[in-house]
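What follows is one structure encoded as structure tokens, with my remarks underneath.
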Amino acid sequence: MALCRPCLGIRIYLLLPYIVTFKSYHIMSNHKTPVDIHDEVNYDPTVWVPKAHSHGTKGLWKTFWILLFLTVADIGLYFTLDPGIFRNGIFIFLGVVKAAFIVYSFMHLTFEHKGLKKSIVLPMIFVIYLIVLMLSEAYYWLDLNWL
Amino acid sequence: MMWFFLLSDAFTFSSLLVGYATVRFSFPQANETQMAELRKEMPFGTDVHEMFHANPDGFVGAMNDRGIFAETQWPAPELVFNHFPGHHLHWPLMFVSLMTFILIMSSVTMVLAVEAGQRMERKKVEIFMLLTIIGGLMFLGCQAWEWTKFIGEGAKLYTNPFGPVTFAALFFLVTGFHGFHVLSGVVINFIIYLNVLRGTYEERGHYEMVEKVGLYWHFVDLVWVFVFTFFYLI
């Protein structure tokens with residue numbers, strides 16, 4: 001421990017300029033002058049970000065109306081259909097549709113790279129596997145309750 | 001990285017919800033013919049409070065005779081979540097619809113803040129982030145009210161007057177876990193909002209942080225879609 005303490009002190013001392021300075025990004029990347037953060041030729045990983053561009057608000061409002069309509073439809077179906085596997089199936093289906101709209105429109109997954117899209121959506125197969133596994137177990141429990 | 005954090009969080013929530021579904025499906029549903037009778041006796045807007053206080057024993061007895069709130073069957077959500085602030089009328093699922101609307105609305109203001117950030121319009125980002133924070137706080141307030149009502153009726157982690165104990169326990173666990181996500185989302189949004197006010201992102205040259213907290217906020221909304229479906233509809 002005695003050896004560690006001065007070490008830590010030195011580290012904090014060395015990091016101090018980066019912590020207290022506002023424009024720490026420029027110091028860390030050894031740029032004397034402000035850099036172009038979107039520059040793809042002189043690529044600098046400490047400051048570089050992809051250039052953001054808006055896709056407009058029209059699609060977002062459309063998604064809002066779809067979500068609102070589906071939620072109202074949920075409530076409407078709750079009071080019109082008889083309870084059972086069919087109604088529950090519709091609710092889950094509508095839930096997945098709503099979730100897809102949120103992910104693809106609000107979270108802009110449509111505009112992401114193909115690889116990212118796949119790596120986010122494909123792992124959901126594990127959830128489907130879990131659902132199948134646990135629901136078959138649940139029906140077995142239900143049988144046990146009847147006995 | 002935010003996407004991968006959210007992916008892991010999605011797994012956590014799906015485990016909780018699949019766990020709930022497993023327990024839920026292992027119980028039989030409320031008896032439909034008796035539910036239909038009850039709906040005729042208690043149509044939308046009935047003063048349940050007055051009905052109960054006119055004849056408490058008779059009211060509870062009628063429910064028990066029908067086995068509506070028996071421990072062996074899952075209660076119908078319309079009989080559990082039927083309160084609305086300001087009156088004692090039977091308004092099934094109306095309050096939770098309002099909560100859902102508030103959360104969807106705050107999601108819209110968040111995505112508008114993100115969109116304004118992409119165009120580097122600081123003023124609009126400020127306004128929409130503030131609206132998002134207000135929406136989040138409204139949602140939390142609604143949830144606090146609902147919890148208070150539910151606890152006041154005797155539902156705890158270990159007891160549940162409406163049926164199986166696991167119903168109340170999982171309700172508090174999952175909505176609590178989601179509510180804590182909303183709370184942390186509001187706190188993170190507030191920090192980013194202060195940074196926007198201070199001009200940090202204007203100086204940095206991009207509003208990517210707003211996009212990142214936006215992702216988190218939409219994820220919270222996404223989870224609510226499923227919490228709403230599983231706890232209030234099924």
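Every chain in the structure tokens takes a letter, A first, then B, and so on in the order presented; its residues are numbered from 1, and the ligands are numbered from 1 following the presented order.
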Neighbours of chain A in chain B at 6 Å, counting only C-alpha atoms, as a PyMOL selection string = chain B and resi 22+25-27+115+118+215+222+234
Take the residues from that selection and put them in a file with all heavy atoms, as a PDB file, in the first residue's frame.
ATOM      1  N   THR B  22     -44.575 -17.000 -17.076  1.00  0.00           N
ATOM      2  CA  THR B  22     -44.567 -18.407 -16.660  1.00  0.00           C
ATOM      3  C   THR B  22     -45.497 -18.627 -15.474  1.00  0.00           C
ATOM      4  O   THR B  22     -46.343 -19.530 -15.486  1.00  0.00           O
ATOM      5  CB  THR B  22     -43.137 -18.827 -16.287  1.00  0.00           C
ATOM      6  OG1 THR B  22     -42.274 -18.437 -17.334  1.00  0.00           O
ATOM      7  CG2 THR B  22     -43.043 -20.317 -16.076  1.00  0.00           C
ATOM      8  N   PHE B  25     -49.223 -18.008 -16.552  1.00  0.00           N
ATOM      9  CA  PHE B  25     -49.866 -19.058 -17.337  1.00  0.00           C
ATOM     10  C   PHE B  25     -50.030 -20.348 -16.543  1.00  0.00           C
ATOM     11  O   PHE B  25     -50.787 -21.223 -16.954  1.00  0.00           O
ATOM     12  CB  PHE B  25     -49.100 -19.318 -18.634  1.00  0.00           C
ATOM     13  CG  PHE B  25     -49.389 -18.290 -19.677  1.00  0.00           C
ATOM     14  CD1 PHE B  25     -48.404 -17.411 -20.100  1.00  0.00           C
ATOM     15  CD2 PHE B  25     -50.653 -18.177 -20.234  1.00  0.00           C
ATOM     16  CE1 PHE B  25     -48.681 -16.440 -21.047  1.00  0.00           C
ATOM     17  CE2 PHE B  25     -50.935 -17.213 -21.180  1.00  0.00           C
ATOM     18  CZ  PHE B  25     -49.949 -16.340 -21.593  1.00  0.00           C
ATOM     19  N   SER B  26     -49.336 -20.451 -15.411  1.00  0.00           N
ATOM     20  CA  SER B  26     -49.508 -21.662 -14.615  1.00  0.00           C
ATOM     21  C   SER B  26     -50.742 -21.561 -13.714  1.00  0.00           C
ATOM     22  O   SER B  26     -51.066 -22.502 -13.008  1.00  0.00           O
ATOM     23  CB  SER B  26     -48.257 -21.939 -13.794  1.00  0.00           C
ATOM     24  OG  SER B  26     -48.124 -20.965 -12.802  1.00  0.00           O
ATOM     25  N   PHE B  27     -51.420 -20.398 -13.746  1.00  0.00           N
ATOM     26  CA  PHE B  27     -52.690 -20.244 -13.011  1.00  0.00           C
ATOM     27  C   PHE B  27     -53.845 -20.162 -14.001  1.00  0.00           C
ATOM     28  O   PHE B  27     -53.689 -19.564 -15.068  1.00  0.00           O
ATOM     29  CB  PHE B  27     -52.677 -18.958 -12.190  1.00  0.00           C
ATOM     30  CG  PHE B  27     -51.946 -19.077 -10.897  1.00  0.00           C
ATOM     31  CD1 PHE B  27     -50.584 -18.806 -10.823  1.00  0.00           C
ATOM     32  CD2 PHE B  27     -52.603 -19.469  -9.732  1.00  0.00           C
ATOM     33  CE1 PHE B  27     -49.898 -18.920  -9.632  1.00  0.00           C
ATOM     34  CE2 PHE B  27     -51.919 -19.575  -8.541  1.00  0.00           C
ATOM     35  CZ  PHE B  27     -50.557 -19.307  -8.483  1.00  0.00           C
ATOM     36  N   GLU B 115     -33.529  15.124 -32.744  1.00  0.00           N
ATOM     37  CA  GLU B 115     -33.580  15.626 -34.114  1.00  0.00           C
ATOM     38  C   GLU B 115     -33.088  17.074 -34.173  1.00  0.00           C
ATOM     39  O   GLU B 115     -32.343  17.454 -35.073  1.00  0.00           O
ATOM     40  CB  GLU B 115     -35.029  15.499 -34.626  1.00  0.00           C
ATOM     41  CG  GLU B 115     -35.181  15.537 -36.114  1.00  0.00           C
ATOM     42  CD  GLU B 115     -35.436  16.926 -36.611  1.00  0.00           C
ATOM     43  OE1 GLU B 115     -35.897  17.776 -35.812  1.00  0.00           O
ATOM     44  OE2 GLU B 115     -35.161  17.180 -37.782  1.00  0.00           O
ATOM     45  N   GLN B 118     -29.385  17.133 -33.960  1.00  0.00           N
ATOM     46  CA  GLN B 118     -28.713  16.795 -35.218  1.00  0.00           C
ATOM     47  C   GLN B 118     -28.604  18.019 -36.123  1.00  0.00           C
ATOM     48  O   GLN B 118     -27.704  18.115 -36.935  1.00  0.00           O
ATOM     49  CB  GLN B 118     -29.480  15.677 -35.929  1.00  0.00           C
ATOM     50  CG  GLN B 118     -29.287  14.336 -35.244  1.00  0.00           C
ATOM     51  CD  GLN B 118     -30.273  13.294 -35.710  1.00  0.00           C
ATOM     52  OE1 GLN B 118     -31.319  13.608 -36.271  1.00  0.00           O
ATOM     53  NE2 GLN B 118     -29.956  12.038 -35.464  1.00  0.00           N
ATOM     54  N   LEU B 215     -31.518   7.265 -26.665  1.00  0.00           N
ATOM     55  CA  LEU B 215     -31.630   5.807 -26.826  1.00  0.00           C
ATOM     56  C   LEU B 215     -32.100   5.172 -25.528  1.00  0.00           C
ATOM     57  O   LEU B 215     -32.995   4.330 -25.517  1.00  0.00           O
ATOM     58  CB  LEU B 215     -30.278   5.212 -27.207  1.00  0.00           C
ATOM     59  CG  LEU B 215     -29.829   5.345 -28.648  1.00  0.00           C
ATOM     60  CD1 LEU B 215     -28.490   4.677 -28.834  1.00  0.00           C
ATOM     61  CD2 LEU B 215     -30.850   4.712 -29.558  1.00  0.00           C
ATOM     62  N   LEU B 222     -39.927   1.476 -24.487  1.00  0.00           N
ATOM     63  CA  LEU B 222     -40.084   0.153 -25.107  1.00  0.00           C
ATOM     64  C   LEU B 222     -40.424  -0.907 -24.065  1.00  0.00           C
ATOM     65  O   LEU B 222     -41.312  -1.732 -24.272  1.00  0.00           O
ATOM     66  CB  LEU B 222     -38.764  -0.193 -25.796  1.00  0.00           C
ATOM     67  CG  LEU B 222     -38.641  -1.561 -26.425  1.00  0.00           C
ATOM     68  CD1 LEU B 222     -38.863  -1.410 -27.898  1.00  0.00           C
ATOM     69  CD2 LEU B 222     -37.319  -2.166 -26.162  1.00  0.00           C
ATOM     70  N   ILE B 234     -52.975  -8.780 -20.170  1.00  0.00           N
ATOM     71  CA  ILE B 234     -53.087 -10.234 -20.252  1.00  0.00           C
ATOM     72  C   ILE B 234     -53.550 -10.818 -18.913  1.00  0.00           C
ATOM     73  O   ILE B 234     -53.086 -10.416 -17.898  1.00  0.00           O
ATOM     74  CB  ILE B 234     -51.737 -10.847 -20.684  1.00  0.00           C
ATOM     75  CG1 ILE B 234     -51.508 -10.488 -22.147  1.00  0.00           C
ATOM     76  CG2 ILE B 234     -51.727 -12.342 -20.477  1.00  0.00           C
ATOM     77  CD1 ILE B 234     -50.221 -10.994 -22.700  1.00  0.00           C
TER      78      ILE B 234
END
Apply DSSP to the structure's backbone, then extract all residues of segment 50-114 of chain A labelled alpha helix (DSSP H) and return them as a VMD selection string.
-> chain A and resid 58 to 80 85 to 101 114
Counting only C-alpha atoms, what are the residues of segment 48-95 of chain B within 10 Å of segment 145-159 of chain B, and for each of them which pair of atoms is the nearest and at what distance in Å, to one decimal? Sort the table by chain and rising number, as a Markdown table.
| residue | atom | partner | partner_atom | distance |
| --- | --- | --- | --- | --- |
| B:Val80 | CA | B:Phe150 | CA | 8.2 |
| B:Phe81 | CA | B:Phe150 | CA | 8.3 |
| B:His83 | CA | B:Lys149 | CA | 8.1 |
| B:Phe84 | CA | B:Glu146 | CA | 8.9 |
| B:Pro85 | CA | B:Trp145 | CA | 8.3 |
| B:Phe95 | CA | B:Glu146 | CA | 8.5 |
Between atom CA of Leu173 of chain B and atom CA of Leu17 of chain B, measure the distance and give it in Å to one decimal.
->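 Pair atom CA of Leu173 of chain B / atom CA of Leu17 of chain B returns 10.3 Å.
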Might you pull out every residue within 10 Å of Gln143 of chain B, with only C-alpha atoms counted and same-chain residues fewer than 5 positions away left off, and present them as a PDB file with N, CA, C and O atoms, in the first residue's frame?
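See out-v6.pdb below for the written result:
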ATOM      1  N   PHE B  95     -56.406   4.676 -16.041  1.00  0.00           N
ATOM      2  CA  PHE B  95     -55.245   5.384 -15.489  1.00  0.00           C
ATOM      3  C   PHE B  95     -53.958   4.908 -16.154  1.00  0.00           C
ATOM      4  O   PHE B  95     -53.089   5.701 -16.489  1.00  0.00           O
ATOM      5  N   VAL B  96     -53.872   3.584 -16.366  1.00  0.00           N
ATOM      6  CA  VAL B  96     -52.643   3.053 -16.970  1.00  0.00           C
ATOM      7  C   VAL B  96     -52.543   3.485 -18.437  1.00  0.00           C
ATOM      8  O   VAL B  96     -51.439   3.692 -18.953  1.00  0.00           O
ATOM      9  N   MET B  99     -51.012   6.817 -18.244  1.00  0.00           N
ATOM     10  CA  MET B  99     -49.564   6.688 -17.994  1.00  0.00           C
ATOM     11  C   MET B  99     -48.827   6.337 -19.280  1.00  0.00           C
ATOM     12  O   MET B  99     -47.771   6.906 -19.585  1.00  0.00           O
ATOM     13  N   LEU B 137     -41.147  12.866 -15.029  1.00  0.00           N
ATOM     14  CA  LEU B 137     -41.567  13.096 -13.640  1.00  0.00           C
ATOM     15  C   LEU B 137     -43.068  12.845 -13.490  1.00  0.00           C
ATOM     16  O   LEU B 137     -43.513  12.296 -12.468  1.00  0.00           O
ATOM     17  N   MET B 138     -43.845  13.231 -14.514  1.00  0.00           N
ATOM     18  CA  MET B 138     -45.294  12.966 -14.453  1.00  0.00           C
ATOM     19  C   MET B 138     -45.551  11.471 -14.381  1.00  0.00           C
ATOM     20  O   MET B 138     -46.381  10.994 -13.602  1.00  0.00           O
ATOM     21  N   THR B 148     -49.280   3.533  -4.306  1.00  0.00           N
ATOM     22  CA  THR B 148     -49.900   3.900  -3.031  1.00  0.00           C
ATOM     23  C   THR B 148     -51.288   3.295  -2.935  1.00  0.00           C
ATOM     24  O   THR B 148     -51.674   2.733  -1.907  1.00  0.00           O
ATOM     25  N   LYS B 149     -52.038   3.396  -4.039  1.00  0.00           N
ATOM     26  CA  LYS B 149     -53.394   2.855  -4.061  1.00  0.00           C
ATOM     27  C   LYS B 149     -53.375   1.340  -3.851  1.00  0.00           C
ATOM     28  O   LYS B 149     -54.143   0.789  -3.067  1.00  0.00           O
ATOM     29  N   THR B 175     -42.616  -3.493 -12.085  1.00  0.00           N
ATOM     30  CA  THR B 175     -42.887  -2.059 -12.280  1.00  0.00           C
ATOM     31  C   THR B 175     -41.893  -1.224 -11.476  1.00  0.00           C
ATOM     32  O   THR B 175     -41.542  -0.122 -11.889  1.00  0.00           O
ATOM     33  N   GLY B 176     -41.425  -1.768 -10.346  1.00  0.00           N
ATOM     34  CA  GLY B 176     -40.413  -1.050  -9.568  1.00  0.00           C
ATOM     35  C   GLY B 176     -39.103  -0.968 -10.336  1.00  0.00           C
ATOM     36  O   GLY B 176     -38.464   0.082 -10.401  1.00  0.00           O
ATOM     37  N   GLY B 179     -39.673   1.452 -13.047  1.00  0.00           N
ATOM     38  CA  GLY B 179     -39.756   2.809 -12.492  1.00  0.00           C
ATOM     39  C   GLY B 179     -38.390   3.338 -12.108  1.00  0.00           C
ATOM     40  O   GLY B 179     -38.105   4.517 -12.290  1.00  0.00           O
TER      41      GLY B 179
END
For Leu130 of chain B, list every protein, DNA or RNA residue within 10 Å, evaluated using only C-alpha atoms, and leave out those in the same chain fewer than 3 positions away; present the list as number ranges by chain.
-> B: 106, 109-110, 113, 124-127, 133-136, 189-190, 193-194
For Val213 of chain B, work out the shell of residues within 10 Å, counting only C-alpha atoms and skipping chain neighbours fewer than 3 positions away, then give it as a PyMOL selection string.
-> chain B and resi 2+110+114+185-186+188-189+192+208-210+216-219
Residues just named, written with N, CA, C and O atoms as a PDB file, in the first residue's frame:
ATOM      1  N   MET B   2     -23.869   2.069 -26.261  1.00  0.00           N
ATOM      2  CA  MET B   2     -25.194   2.212 -25.655  1.00  0.00           C
ATOM      3  C   MET B   2     -26.119   1.097 -26.130  1.00  0.00           C
ATOM      4  O   MET B   2     -26.857   0.513 -25.347  1.00  0.00           O
ATOM      5  N   MET B 110     -38.506  13.550 -26.639  1.00  0.00           N
ATOM      6  CA  MET B 110     -37.085  13.178 -26.622  1.00  0.00           C
ATOM      7  C   MET B 110     -36.542  13.055 -28.040  1.00  0.00           C
ATOM      8  O   MET B 110     -35.470  13.565 -28.347  1.00  0.00           O
ATOM      9  N   VAL B 114     -33.538  15.042 -29.979  1.00  0.00           N
ATOM     10  CA  VAL B 114     -32.432  14.413 -30.704  1.00  0.00           C
ATOM     11  C   VAL B 114     -32.339  14.993 -32.119  1.00  0.00           C
ATOM     12  O   VAL B 114     -31.263  15.357 -32.596  1.00  0.00           O
ATOM     13  N   GLY B 185     -33.314   7.501 -15.775  1.00  0.00           N
ATOM     14  CA  GLY B 185     -33.404   8.201 -17.051  1.00  0.00           C
ATOM     15  C   GLY B 185     -33.654   9.683 -16.851  1.00  0.00           C
ATOM     16  O   GLY B 185     -33.034  10.520 -17.521  1.00  0.00           O
ATOM     17  N   VAL B 186     -34.538  10.016 -15.914  1.00  0.00           N
ATOM     18  CA  VAL B 186     -34.826  11.431 -15.638  1.00  0.00           C
ATOM     19  C   VAL B 186     -33.571  12.120 -15.120  1.00  0.00           C
ATOM     20  O   VAL B 186     -33.235  13.236 -15.551  1.00  0.00           O
ATOM     21  N   ILE B 188     -30.375  11.259 -15.604  1.00  0.00           N
ATOM     22  CA  ILE B 188     -29.389  11.399 -16.689  1.00  0.00           C
ATOM     23  C   ILE B 188     -29.834  12.505 -17.646  1.00  0.00           C
ATOM     24  O   ILE B 188     -29.038  13.362 -18.042  1.00  0.00           O
ATOM     25  N   ASN B 189     -31.130  12.509 -17.988  1.00  0.00           N
ATOM     26  CA  ASN B 189     -31.648  13.554 -18.868  1.00  0.00           C
ATOM     27  C   ASN B 189     -31.408  14.929 -18.275  1.00  0.00           C
ATOM     28  O   ASN B 189     -31.081  15.872 -18.985  1.00  0.00           O
ATOM     29  N   ILE B 192     -27.789  15.958 -18.680  1.00  0.00           N
ATOM     30  CA  ILE B 192     -27.513  16.338 -20.069  1.00  0.00           C
ATOM     31  C   ILE B 192     -28.185  17.679 -20.382  1.00  0.00           C
ATOM     32  O   ILE B 192     -27.626  18.529 -21.081  1.00  0.00           O
ATOM     33  N   GLU B 208     -24.105  14.398 -29.678  1.00  0.00           N
ATOM     34  CA  GLU B 208     -24.208  12.941 -29.637  1.00  0.00           C
ATOM     35  C   GLU B 208     -24.672  12.434 -28.268  1.00  0.00           C
ATOM     36  O   GLU B 208     -25.368  11.419 -28.176  1.00  0.00           O
ATOM     37  N   MET B 209     -24.319  13.168 -27.214  1.00  0.00           N
ATOM     38  CA  MET B 209     -24.753  12.741 -25.869  1.00  0.00           C
ATOM     39  C   MET B 209     -26.277  12.749 -25.761  1.00  0.00           C
ATOM     40  O   MET B 209     -26.870  11.900 -25.109  1.00  0.00           O
ATOM     41  N   VAL B 210     -26.904  13.747 -26.410  1.00  0.00           N
ATOM     42  CA  VAL B 210     -28.371  13.804 -26.399  1.00  0.00           C
ATOM     43  C   VAL B 210     -28.939  12.566 -27.090  1.00  0.00           C
ATOM     44  O   VAL B 210     -29.917  11.980 -26.646  1.00  0.00           O
ATOM     45  N   TYR B 216     -31.501   5.587 -24.423  1.00  0.00           N
ATOM     46  CA  TYR B 216     -31.881   5.018 -23.119  1.00  0.00           C
ATOM     47  C   TYR B 216     -33.346   5.309 -22.828  1.00  0.00           C
ATOM     48  O   TYR B 216     -34.099   4.441 -22.397  1.00  0.00           O
ATOM     49  N   TRP B 217     -33.746   6.538 -23.089  1.00  0.00           N
ATOM     50  CA  TRP B 217     -35.125   6.943 -22.778  1.00  0.00           C
ATOM     51  C   TRP B 217     -36.130   6.151 -23.612  1.00  0.00           C
ATOM     52  O   TRP B 217     -37.169   5.714 -23.120  1.00  0.00           O
ATOM     53  N   HIS B 218     -35.814   5.948 -24.886  1.00  0.00           N
ATOM     54  CA  HIS B 218     -36.725   5.172 -25.733  1.00  0.00           C
ATOM     55  C   HIS B 218     -36.777   3.723 -25.300  1.00  0.00           C
ATOM     56  O   HIS B 218     -37.822   3.085 -25.382  1.00  0.00           O
ATOM     57  N   PHE B 219     -35.653   3.237 -24.810  1.00  0.00           N
ATOM     58  CA  PHE B 219     -35.645   1.858 -24.326  1.00  0.00           C
ATOM     59  C   PHE B 219     -36.596   1.702 -23.141  1.00  0.00           C
ATOM     60  O   PHE B 219     -37.324   0.712 -23.030  1.00  0.00           O
TER      61      PHE B 219
END
